[in-house]
Amino acid sequence: MENILYLCLFAFMAGFIDSVVGGGGLIQLPALLVFLPGAPLPTVFGTGKFAGIAGTTAAMVRYVRTVEINYRAILPAAGAAFLFSFLGARALSHLDANLLKPLILLLLILVAIYTFIKKDFGSLHAPRLTEQKERVYGLLIGASIGFYDGFFGPGTGSFLIFIFIGVFGFNFLAASAAAKVINVATNLSALLYFGYKGYILYDVAVPMAVCSIIGSQLGTRTALKRGVGFVRILFLIVMSGIILRFAYDTFGGQQLAQVTSMVKAWVLR
C-alpha cells in the first residue's frame, strides 16, 4: 500500500507535466522501476501505459474543448501514429534501442538550444502550410513519431510539440493540444498489446490512473490560464531534465561527469 501511495504521487506529477509539455514518462517510469522491484519489464511498461493514457486522454479532452485543433492534419497523423507505434513495438524485439540513444540525445540538445535562443518560438499561432501539405506532413510525422514511440518512446511529446511549432507554425498551446491527440493514439496502440498479453497490474494501474487524471486536469488548467510563456519555460525545464537523463543512460555516471567537466572548462575558458 505504501508503494502504491508513492506511485500515485509520481503519477500525479507526471500527469501534470505531461499535460503541458510532455515528458511525463521521465517521472513515472523510473518510479515504477523503483517501487515495483522484481516485476517483469513488460509489466512495468504496461502498468505505466495504463496510467499514462488516462492522464493524456483527460488532458486531450480539456484541450479539445478550449483550443482550436486542426483536425485535417492531426487525425491522419494520429491514425498513422497508431499503426506505426505497433510496428515500432514489434521492431523492438529485433533491434537494440540503445543504439539510438546518442542520436536522440543530440536531437534533444539541438531542440533545447533552438528553443532557448529563439525567444519568440511558439509565441504566435500562424499556420504556414496548405491543407494538402498539412495532411501529407501529418501522415509523415505521425508515422515517424509513432514508430519511435513504440520502439523507444522517451521525449515523444516534447518532439511532437517542437515539430508542430517549427513545421506547422502552431503556438505552444495549440502544439500541446495536437501532441496530446497523437500521444493518445500511440499509447492506445501499445496499451492494447500490453493488455492482450496480460502485462498490466490493475491494482496498481487504476489508482495511478486516477491520480494521473487529476494531475493532467490541473496541468491543462494551469497552462490555459498562464499562456504560452509559461508553457515555453516549462518546456525548456523538462527538456533539460530529459537531456540529463538521456546523457546519464548513454554515457554512465563517471563518463557524464567527465563530459560535464570538459564543457564547464570550455565555458569558463
# chains A, B, ... in the order shown; residues from 1 in each chain; ligands from 1

$ residues_around --residues "range 56-68 of chain A" --least-positions-apart "6" --cutoff "9 Å" --atoms "only C-alpha atoms" --output "list in words"
Gly15, Asp18, Ser19, Val20, Leu173, Ala174, Ser176, Ala177, Ala178, Ala179, Lys180, Val181, Asn183, Val184, Asn187, Ser212, Ile213, Ile214, Ser216, Gln217, Gly219, Thr220, Arg221 and Leu224 of chain A

$ residues_around --residues "Val206 in chain A" --least-positions-apart "6" --cutoff "10 Å" --atoms "only C-alpha atoms" --output "PyMOL selection string"
chain A and resi 8+47+50-51+54+200+212

$ closest_residue --among "A:Gly52, A:Gly215, A:Gly155, A:Gly46" --to "Gln28 in chain A" --atoms "only C-alpha atoms"
A:Gly52

$ select_by_dssp --residues "range 41-125 of chain A" --states "alpha helix (DSSP H)" --output "ChimeraX atom specification"
/A:41-66,71-92,101-117

$ closest_residue --among "A:Leu201, A:Ala73, A:Ala91, A:Ala11" --to "Leu41 in chain A" --atoms "only C-alpha atoms"
A:Leu201

$ atom_distance --atom1 "CA of Tyr202 in chain A" --atom2 "CA of Asp149 in chain A"
22.7 Å

$ residues_around --residues "Thr156 in chain A" --least-positions-apart "3" --cutoff "12 Å" --atoms "only C-alpha atoms" --output "short mmCIF file (atom, residue, chain, number, x, y, z; two decimals) with all heavy atoms, in the first residue's frame"
data_model
loop_
_atom_site.label_atom_id
_atom_site.label_comp_id
_atom_site.auth_asym_id
_atom_site.auth_seq_id
_atom_site.Cartn_x
_atom_site.Cartn_y
_atom_site.Cartn_z
N ASP A 18 3.14 16.14 -18.14
CA ASP A 18 2.87 15.62 -19.46
C ASP A 18 1.72 16.37 -20.14
O ASP A 18 1.73 16.53 -21.37
CB ASP A 18 2.52 14.13 -19.38
CG ASP A 18 2.65 13.43 -20.71
OD1 ASP A 18 3.79 13.27 -21.18
OD2 ASP A 18 1.61 13.08 -21.30
N VAL A 21 3.67 19.89 -21.44
CA VAL A 21 4.77 19.86 -22.41
C VAL A 21 5.27 18.46 -22.73
O VAL A 21 6.30 18.32 -23.41
CB VAL A 21 5.97 20.71 -21.90
CG1 VAL A 21 5.59 22.17 -21.85
CG2 VAL A 21 6.44 20.23 -20.53
N GLY A 22 4.60 17.42 -22.28
CA GLY A 22 5.11 16.07 -22.50
C GLY A 22 6.23 15.75 -21.51
O GLY A 22 6.58 16.56 -20.67
N GLY A 23 6.77 14.55 -21.61
CA GLY A 23 7.88 14.17 -20.74
C GLY A 23 7.46 13.57 -19.42
O GLY A 23 8.29 13.39 -18.53
N GLY A 24 6.17 13.22 -19.28
CA GLY A 24 5.72 12.63 -18.03
C GLY A 24 6.37 11.29 -17.74
O GLY A 24 6.55 10.91 -16.58
N GLY A 25 6.74 10.57 -18.80
CA GLY A 25 7.41 9.29 -18.61
C GLY A 25 8.74 9.41 -17.90
O GLY A 25 9.21 8.46 -17.26
N LEU A 26 9.38 10.58 -18.01
CA LEU A 26 10.64 10.82 -17.32
C LEU A 26 10.46 10.72 -15.80
O LEU A 26 11.39 10.37 -15.08
CB LEU A 26 11.17 12.22 -17.68
CG LEU A 26 12.51 12.65 -17.09
CD1 LEU A 26 13.64 11.86 -17.72
CD2 LEU A 26 12.74 14.14 -17.28
N ALA A 81 0.15 7.26 -36.56
CA ALA A 81 0.89 7.03 -35.33
C ALA A 81 0.43 5.76 -34.64
O ALA A 81 1.24 4.99 -34.11
CB ALA A 81 0.73 8.23 -34.38
N SER A 85 3.12 2.85 -34.27
CA SER A 85 3.52 2.58 -32.90
C SER A 85 3.55 1.07 -32.65
O SER A 85 4.46 0.55 -32.00
CB SER A 85 2.57 3.26 -31.92
OG SER A 85 2.91 2.96 -30.58
N ILE A 104 19.39 10.38 -30.33
CA ILE A 104 18.28 11.05 -29.68
C ILE A 104 18.79 12.13 -28.72
O ILE A 104 18.21 13.23 -28.64
CB ILE A 104 17.40 10.04 -28.91
CG1 ILE A 104 16.85 9.00 -29.88
CG2 ILE A 104 16.26 10.74 -28.20
CD1 ILE A 104 16.05 9.56 -31.03
N LEU A 107 19.67 15.17 -30.77
CA LEU A 107 18.46 15.86 -31.22
C LEU A 107 17.81 16.66 -30.09
O LEU A 107 17.37 17.79 -30.30
CB LEU A 107 17.47 14.85 -31.79
CG LEU A 107 17.87 14.18 -33.11
CD1 LEU A 107 16.83 13.11 -33.49
CD2 LEU A 107 18.00 15.20 -34.22
N LEU A 108 17.75 16.08 -28.90
CA LEU A 108 17.16 16.77 -27.75
C LEU A 108 17.94 18.03 -27.42
O LEU A 108 17.36 19.09 -27.12
CB LEU A 108 17.12 15.83 -26.55
CG LEU A 108 16.09 14.70 -26.59
CD1 LEU A 108 16.37 13.70 -25.48
CD2 LEU A 108 14.68 15.25 -26.48
N ILE A 141 4.69 12.71 -40.13
CA ILE A 141 5.06 12.92 -38.73
C ILE A 141 4.44 11.85 -37.85
O ILE A 141 5.09 11.29 -36.95
CB ILE A 141 4.63 14.32 -38.27
CG1 ILE A 141 5.49 15.39 -38.97
CG2 ILE A 141 4.73 14.47 -36.76
CD1 ILE A 141 4.97 16.79 -38.81
N GLY A 142 3.16 11.53 -38.08
CA GLY A 142 2.50 10.50 -37.30
C GLY A 142 3.20 9.16 -37.44
O GLY A 142 3.39 8.44 -36.45
N SER A 144 6.42 8.51 -38.37
CA SER A 144 7.77 8.50 -37.81
C SER A 144 7.75 8.58 -36.29
O SER A 144 8.44 7.80 -35.60
CB SER A 144 8.59 9.65 -38.38
OG SER A 144 7.95 10.90 -38.16
N ILE A 145 6.95 9.49 -35.74
CA ILE A 145 6.88 9.62 -34.28
C ILE A 145 6.19 8.42 -33.66
O ILE A 145 6.57 7.95 -32.57
CB ILE A 145 6.15 10.92 -33.89
CG1 ILE A 145 6.99 12.14 -34.28
CG2 ILE A 145 5.86 10.96 -32.40
CD1 ILE A 145 8.29 12.27 -33.53
N GLY A 146 5.17 7.88 -34.34
CA GLY A 146 4.50 6.69 -33.83
C GLY A 146 5.45 5.51 -33.74
O GLY A 146 5.48 4.79 -32.74
N PHE A 147 6.25 5.31 -34.79
CA PHE A 147 7.22 4.22 -34.78
C PHE A 147 8.24 4.43 -33.66
O PHE A 147 8.58 3.48 -32.94
CB PHE A 147 7.94 4.15 -36.13
CG PHE A 147 8.87 2.98 -36.26
CD1 PHE A 147 8.41 1.76 -36.73
CD2 PHE A 147 10.21 3.09 -35.91
CE1 PHE A 147 9.26 0.67 -36.84
CE2 PHE A 147 11.07 2.01 -36.02
CZ PHE A 147 10.59 0.80 -36.49
N TYR A 148 8.70 5.68 -33.51
CA TYR A 148 9.68 5.96 -32.45
C TYR A 148 9.08 5.69 -31.07
O TYR A 148 9.75 5.11 -30.20
CB TYR A 148 10.14 7.41 -32.54
CG TYR A 148 10.93 7.86 -31.34
CD1 TYR A 148 12.25 7.44 -31.16
CD2 TYR A 148 10.36 8.67 -30.35
CE1 TYR A 148 12.97 7.83 -30.05
CE2 TYR A 148 11.08 9.06 -29.24
CZ TYR A 148 12.38 8.64 -29.10
OH TYR A 148 13.08 9.01 -27.98
N ASP A 149 7.83 6.09 -30.86
CA ASP A 149 7.21 5.91 -29.55
C ASP A 149 7.04 4.43 -29.23
O ASP A 149 7.24 4.00 -28.09
CB ASP A 149 5.86 6.62 -29.51
CG ASP A 149 5.32 6.74 -28.10
OD1 ASP A 149 6.14 6.83 -27.16
OD2 ASP A 149 4.09 6.75 -27.91
N GLY A 150 6.67 3.64 -30.23
CA GLY A 150 6.53 2.21 -29.99
C GLY A 150 7.87 1.53 -29.81
O GLY A 150 7.99 0.59 -29.03
N PHE A 151 8.88 2.02 -30.51
CA PHE A 151 10.19 1.38 -30.48
C PHE A 151 11.01 1.80 -29.27
O PHE A 151 11.71 1.00 -28.65
CB PHE A 151 10.95 1.75 -31.76
CG PHE A 151 12.32 1.13 -31.85
CD1 PHE A 151 12.46 -0.22 -32.10
CD2 PHE A 151 13.46 1.90 -31.69
CE1 PHE A 151 13.72 -0.80 -32.19
CE2 PHE A 151 14.72 1.33 -31.77
CZ PHE A 151 14.85 -0.02 -32.03
N PHE A 152 10.91 3.10 -28.90
CA PHE A 152 11.77 3.62 -27.82
C PHE A 152 10.96 4.48 -26.86
O PHE A 152 10.79 4.10 -25.71
CB PHE A 152 12.92 4.40 -28.45
CG PHE A 152 14.08 4.64 -27.52
CD1 PHE A 152 14.69 3.59 -26.87
CD2 PHE A 152 14.55 5.92 -27.30
CE1 PHE A 152 15.76 3.80 -26.01
CE2 PHE A 152 15.61 6.14 -26.44
CZ PHE A 152 16.22 5.09 -25.80
N GLY A 153 10.48 5.65 -27.31
CA GLY A 153 9.48 6.38 -26.53
C GLY A 153 9.84 7.67 -25.84
O GLY A 153 9.12 8.67 -26.01
N PHE A 159 9.05 16.13 -28.59
CA PHE A 159 9.36 16.17 -30.02
C PHE A 159 8.15 16.63 -30.84
O PHE A 159 8.27 17.43 -31.77
CB PHE A 159 9.81 14.79 -30.52
CG PHE A 159 11.26 14.49 -30.27
CD1 PHE A 159 11.65 13.28 -29.73
CD2 PHE A 159 12.24 15.41 -30.58
CE1 PHE A 159 12.99 13.00 -29.50
CE2 PHE A 159 13.58 15.15 -30.36
CZ PHE A 159 13.96 13.93 -29.82
N LEU A 160 6.97 16.11 -30.51
CA LEU A 160 5.76 16.49 -31.23
C LEU A 160 5.49 17.99 -31.10
O LEU A 160 5.15 18.65 -32.10
CB LEU A 160 4.57 15.69 -30.70
CG LEU A 160 4.44 14.25 -31.19
CD1 LEU A 160 3.37 13.51 -30.40
CD2 LEU A 160 4.11 14.20 -32.69
N ILE A 161 5.61 18.51 -29.90
CA ILE A 161 5.37 19.94 -29.69
C ILE A 161 6.34 20.77 -30.53
O ILE A 161 5.95 21.74 -31.19
CB ILE A 161 5.49 20.28 -28.19
CG1 ILE A 161 4.32 19.67 -27.42
CG2 ILE A 161 5.53 21.80 -27.98
CD1 ILE A 161 4.45 19.80 -25.92
N PHE A 162 7.61 20.39 -30.52
CA PHE A 162 8.62 21.12 -31.28
C PHE A 162 8.30 21.08 -32.78
O PHE A 162 8.40 22.09 -33.48
CB PHE A 162 10.00 20.52 -31.02
CG PHE A 162 11.12 21.23 -31.74
CD1 PHE A 162 11.66 22.40 -31.22
CD2 PHE A 162 11.62 20.72 -32.92
CE1 PHE A 162 12.68 23.06 -31.89
CE2 PHE A 162 12.64 21.37 -33.59
CZ PHE A 162 13.17 22.54 -33.07
N ILE A 163 7.89 19.91 -33.29
CA ILE A 163 7.59 19.77 -34.71
C ILE A 163 6.37 20.59 -35.10
O ILE A 163 6.36 21.27 -36.14
CB ILE A 163 7.38 18.29 -35.06
CG1 ILE A 163 8.70 17.53 -34.94
CG2 ILE A 163 6.80 18.12 -36.46
CD1 ILE A 163 8.56 16.02 -35.06
N SER A 176 0.69 21.72 -28.01
CA SER A 176 0.46 20.80 -26.90
C SER A 176 -0.84 20.04 -27.10
O SER A 176 -0.91 18.82 -26.86
CB SER A 176 0.43 21.56 -25.57
OG SER A 176 1.67 22.13 -25.27
N ALA A 179 -0.34 17.51 -29.89
CA ALA A 179 0.51 16.42 -29.42
C ALA A 179 -0.27 15.43 -28.58
O ALA A 179 -0.02 14.21 -28.64
CB ALA A 179 1.69 16.99 -28.63
N LYS A 180 -1.22 15.90 -27.79
CA LYS A 180 -2.00 15.00 -26.94
C LYS A 180 -2.85 14.04 -27.77
O LYS A 180 -3.02 12.87 -27.41
CB LYS A 180 -2.90 15.82 -26.00
CG LYS A 180 -2.14 16.61 -24.96
CD LYS A 180 -1.37 15.71 -24.04
CE LYS A 180 -0.31 16.47 -23.28
NZ LYS A 180 0.82 16.93 -24.12
N ILE A 182 -2.17 12.80 -30.72
CA ILE A 182 -1.29 11.77 -31.27
C ILE A 182 -0.76 10.87 -30.15
O ILE A 182 -0.64 9.65 -30.32
CB ILE A 182 -0.15 12.41 -32.06
CG1 ILE A 182 -0.73 13.15 -33.27
CG2 ILE A 182 0.87 11.37 -32.51
CD1 ILE A 182 0.28 13.85 -34.12
N ASN A 183 -0.46 11.46 -28.99
CA ASN A 183 0.00 10.66 -27.85
C ASN A 183 -1.04 9.63 -27.43
O ASN A 183 -0.70 8.49 -27.08
CB ASN A 183 0.34 11.56 -26.67
CG ASN A 183 1.77 12.04 -26.68
OD1 ASN A 183 2.09 13.08 -26.13
ND2 ASN A 183 2.66 11.29 -27.30
N VAL A 184 -2.31 10.02 -27.44
CA VAL A 184 -3.37 9.08 -27.09
C VAL A 184 -3.38 7.91 -28.08
O VAL A 184 -3.52 6.74 -27.68
CB VAL A 184 -4.74 9.78 -27.08
CG1 VAL A 184 -5.88 8.75 -27.01
CG2 VAL A 184 -4.85 10.73 -25.89
N THR A 186 -0.82 6.70 -29.96
CA THR A 186 0.35 5.82 -29.78
C THR A 186 0.24 5.03 -28.49
O THR A 186 0.58 3.84 -28.45
CB THR A 186 1.65 6.64 -29.79
OG1 THR A 186 1.62 7.63 -28.75
CG2 THR A 186 1.85 7.34 -31.11
N ASN A 187 -0.22 5.67 -27.42
CA ASN A 187 -0.35 4.97 -26.15
C ASN A 187 -1.43 3.89 -26.21
O ASN A 187 -1.28 2.81 -25.62
CB ASN A 187 -0.69 5.96 -25.03
CG ASN A 187 0.50 6.81 -24.64
OD1 ASN A 187 1.65 6.47 -24.89
ND2 ASN A 187 0.24 7.96 -24.03
N MET A 239 12.80 19.63 -20.96
CA MET A 239 13.80 19.21 -21.93
C MET A 239 15.17 19.05 -21.27
O MET A 239 15.92 18.12 -21.57
CB MET A 239 13.89 20.22 -23.07
CG MET A 239 12.74 20.17 -24.05
SD MET A 239 12.64 18.59 -24.93
CE MET A 239 14.11 18.70 -25.93
N ILE A 242 15.13 15.77 -19.41
CA ILE A 242 15.21 14.64 -20.32
C ILE A 242 16.63 14.47 -20.84
O ILE A 242 17.15 13.35 -20.95
CB ILE A 242 14.22 14.81 -21.49
CG1 ILE A 242 12.78 14.78 -20.98
CG2 ILE A 242 14.42 13.72 -22.54
CD1 ILE A 242 11.74 15.08 -22.05
#

$ closest_residue --among "A:Ile17, A:Ala31, A:Ile165, A:Ala209" --to "Tyr114 in chain A" --atoms "only C-alpha atoms"
A:Ile165

$ closest_residue --among "A:Tyr6, A:Tyr137, A:Phe235, A:Phe230" --to "Met208 in chain A" --atoms "only C-alpha atoms"
A:Tyr6

$ closest_residue --among "A:Ser189, A:Ser240, A:Asn3, A:Asn171" --to "Ala112 in chain A" --atoms "only C-alpha atoms"
A:Ser240

$ atom_distance --atom1 "CA of Val204 in chain A" --atom2 "CA of Phe12 in chain A"
13.6 Å

$ closest_residue --among "A:Ala175, A:Val34, A:Leu7, A:Val167" --to "Asn70 in chain A" --atoms "only C-alpha atoms"
A:Ala175

$ decode --residues "range 197-239 of chain A" --atoms "N, CA and C atoms" --output "CSV table (one decimal), in the first residue's frame"
chain,number,residue,atom,x,y,z
A,197,LYS,N,-1.6,-9.2,-23.7
A,197,LYS,CA,-0.5,-10.1,-23.2
A,197,LYS,C,-0.6,-10.2,-21.7
A,198,GLY,N,-1.5,-9.5,-21.0
A,198,GLY,CA,-1.6,-9.6,-19.6
A,198,GLY,C,-0.5,-8.9,-18.8
A,199,TYR,N,0.1,-7.8,-19.4
A,199,TYR,CA,1.2,-7.1,-18.8
A,199,TYR,C,0.8,-5.9,-18.0
A,200,ILE,N,-0.4,-5.9,-17.3
A,200,ILE,CA,-0.9,-4.8,-16.6
A,200,ILE,C,-1.2,-5.2,-15.2
A,201,LEU,N,-0.7,-4.5,-14.2
A,201,LEU,CA,-1.1,-4.7,-12.8
A,201,LEU,C,-2.2,-3.8,-12.4
A,202,TYR,N,-3.4,-4.2,-12.6
A,202,TYR,CA,-4.6,-3.3,-12.5
A,202,TYR,C,-4.7,-2.7,-11.0
A,203,ASP,N,-4.3,-3.5,-10.0
A,203,ASP,CA,-4.5,-2.9,-8.7
A,203,ASP,C,-3.5,-1.8,-8.4
A,204,VAL,N,-2.5,-1.7,-9.2
A,204,VAL,CA,-1.6,-0.5,-9.2
A,204,VAL,C,-1.9,0.5,-10.2
A,205,ALA,N,-2.3,0.1,-11.4
A,205,ALA,CA,-2.5,1.0,-12.5
A,205,ALA,C,-3.8,1.8,-12.4
A,206,VAL,N,-4.8,1.3,-11.8
A,206,VAL,CA,-6.1,2.0,-11.6
A,206,VAL,C,-5.9,3.2,-10.7
A,207,PRO,N,-5.4,3.1,-9.5
A,207,PRO,CA,-5.2,4.3,-8.6
A,207,PRO,C,-4.2,5.3,-9.2
A,208,MET,N,-3.2,4.8,-9.9
A,208,MET,CA,-2.2,5.7,-10.6
A,208,MET,C,-3.0,6.4,-11.7
A,209,ALA,N,-3.9,5.8,-12.4
A,209,ALA,CA,-4.6,6.4,-13.5
A,209,ALA,C,-5.5,7.6,-13.0
A,210,VAL,N,-6.1,7.3,-11.8
A,210,VAL,CA,-6.9,8.4,-11.2
A,210,VAL,C,-6.1,9.6,-10.8
A,211,CYS,N,-4.9,9.4,-10.2
A,211,CYS,CA,-4.0,10.5,-9.9
A,211,CYS,C,-3.5,11.2,-11.1
A,212,SER,N,-3.2,10.4,-12.1
A,212,SER,CA,-2.7,11.0,-13.4
A,212,SER,C,-3.8,11.9,-14.0
A,213,ILE,N,-5.0,11.5,-13.9
A,213,ILE,CA,-6.1,12.4,-14.5
A,213,ILE,C,-6.2,13.7,-13.7
A,214,ILE,N,-6.1,13.6,-12.3
A,214,ILE,CA,-6.2,14.8,-11.5
A,214,ILE,C,-5.0,15.7,-11.8
A,215,GLY,N,-3.8,15.1,-12.0
A,215,GLY,CA,-2.6,15.9,-12.3
A,215,GLY,C,-2.8,16.6,-13.7
A,216,SER,N,-3.3,15.8,-14.7
A,216,SER,CA,-3.4,16.4,-16.0
A,216,SER,C,-4.5,17.5,-16.1
A,217,GLN,N,-5.5,17.3,-15.3
A,217,GLN,CA,-6.5,18.4,-15.3
A,217,GLN,C,-6.0,19.7,-14.7
A,218,LEU,N,-5.2,19.5,-13.6
A,218,LEU,CA,-4.6,20.7,-13.0
A,218,LEU,C,-3.5,21.3,-14.0
A,219,GLY,N,-2.8,20.5,-14.7
A,219,GLY,CA,-1.8,20.9,-15.6
A,219,GLY,C,-2.4,21.7,-16.8
A,220,THR,N,-3.4,21.1,-17.4
A,220,THR,CA,-4.0,21.8,-18.5
A,220,THR,C,-4.7,23.1,-18.1
A,221,ARG,N,-5.3,23.1,-16.9
A,221,ARG,CA,-5.9,24.4,-16.4
A,221,ARG,C,-4.9,25.4,-16.2
A,222,THR,N,-3.7,25.0,-15.6
A,222,THR,CA,-2.6,26.0,-15.4
A,222,THR,C,-2.1,26.5,-16.7
A,223,ALA,N,-1.9,25.6,-17.7
A,223,ALA,CA,-1.3,26.0,-19.0
A,223,ALA,C,-2.3,27.0,-19.7
A,224,LEU,N,-3.6,26.7,-19.7
A,224,LEU,CA,-4.5,27.6,-20.4
A,224,LEU,C,-4.6,28.9,-19.7
A,225,LYS,N,-4.5,28.9,-18.4
A,225,LYS,CA,-4.6,30.2,-17.6
A,225,LYS,C,-3.3,31.0,-17.8
A,226,ARG,N,-2.1,30.4,-17.7
A,226,ARG,CA,-0.9,31.1,-17.7
A,226,ARG,C,-0.4,31.4,-19.1
A,227,GLY,N,-0.8,30.7,-20.2
A,227,GLY,CA,-0.5,31.0,-21.5
A,227,GLY,C,0.8,30.4,-22.1
A,228,VAL,N,1.2,30.8,-23.3
A,228,VAL,CA,2.3,30.2,-24.0
A,228,VAL,C,3.6,30.5,-23.3
A,229,GLY,N,3.8,31.7,-22.6
A,229,GLY,CA,5.0,32.0,-22.0
A,229,GLY,C,5.4,30.9,-20.9
A,230,PHE,N,4.4,30.6,-20.1
A,230,PHE,CA,4.6,29.6,-19.0
A,230,PHE,C,4.9,28.2,-19.7
A,231,VAL,N,4.2,27.8,-20.7
A,231,VAL,CA,4.4,26.6,-21.4
A,231,VAL,C,5.8,26.5,-21.9
A,232,ARG,N,6.3,27.6,-22.5
A,232,ARG,CA,7.7,27.7,-23.1
A,232,ARG,C,8.7,27.4,-22.0
A,233,ILE,N,8.6,28.1,-20.8
A,233,ILE,CA,9.5,27.9,-19.8
A,233,ILE,C,9.5,26.5,-19.2
A,234,LEU,N,8.3,25.9,-19.0
A,234,LEU,CA,8.2,24.5,-18.5
A,234,LEU,C,8.8,23.6,-19.6
A,235,PHE,N,8.6,23.9,-20.8
A,235,PHE,CA,9.1,23.0,-21.9
A,235,PHE,C,10.7,22.9,-21.8
A,236,LEU,N,11.3,24.1,-21.6
A,236,LEU,CA,12.8,24.1,-21.5
A,236,LEU,C,13.3,23.4,-20.2
A,237,ILE,N,12.5,23.5,-19.2
A,237,ILE,CA,12.9,22.8,-17.9
A,237,ILE,C,12.8,21.3,-18.1
A,238,VAL,N,11.7,20.8,-18.7
A,238,VAL,CA,11.5,19.4,-18.9
A,238,VAL,C,12.5,18.9,-19.9
A,239,MET,N,12.8,19.6,-21.0
A,239,MET,CA,13.8,19.2,-21.9
A,239,MET,C,15.2,19.1,-21.3
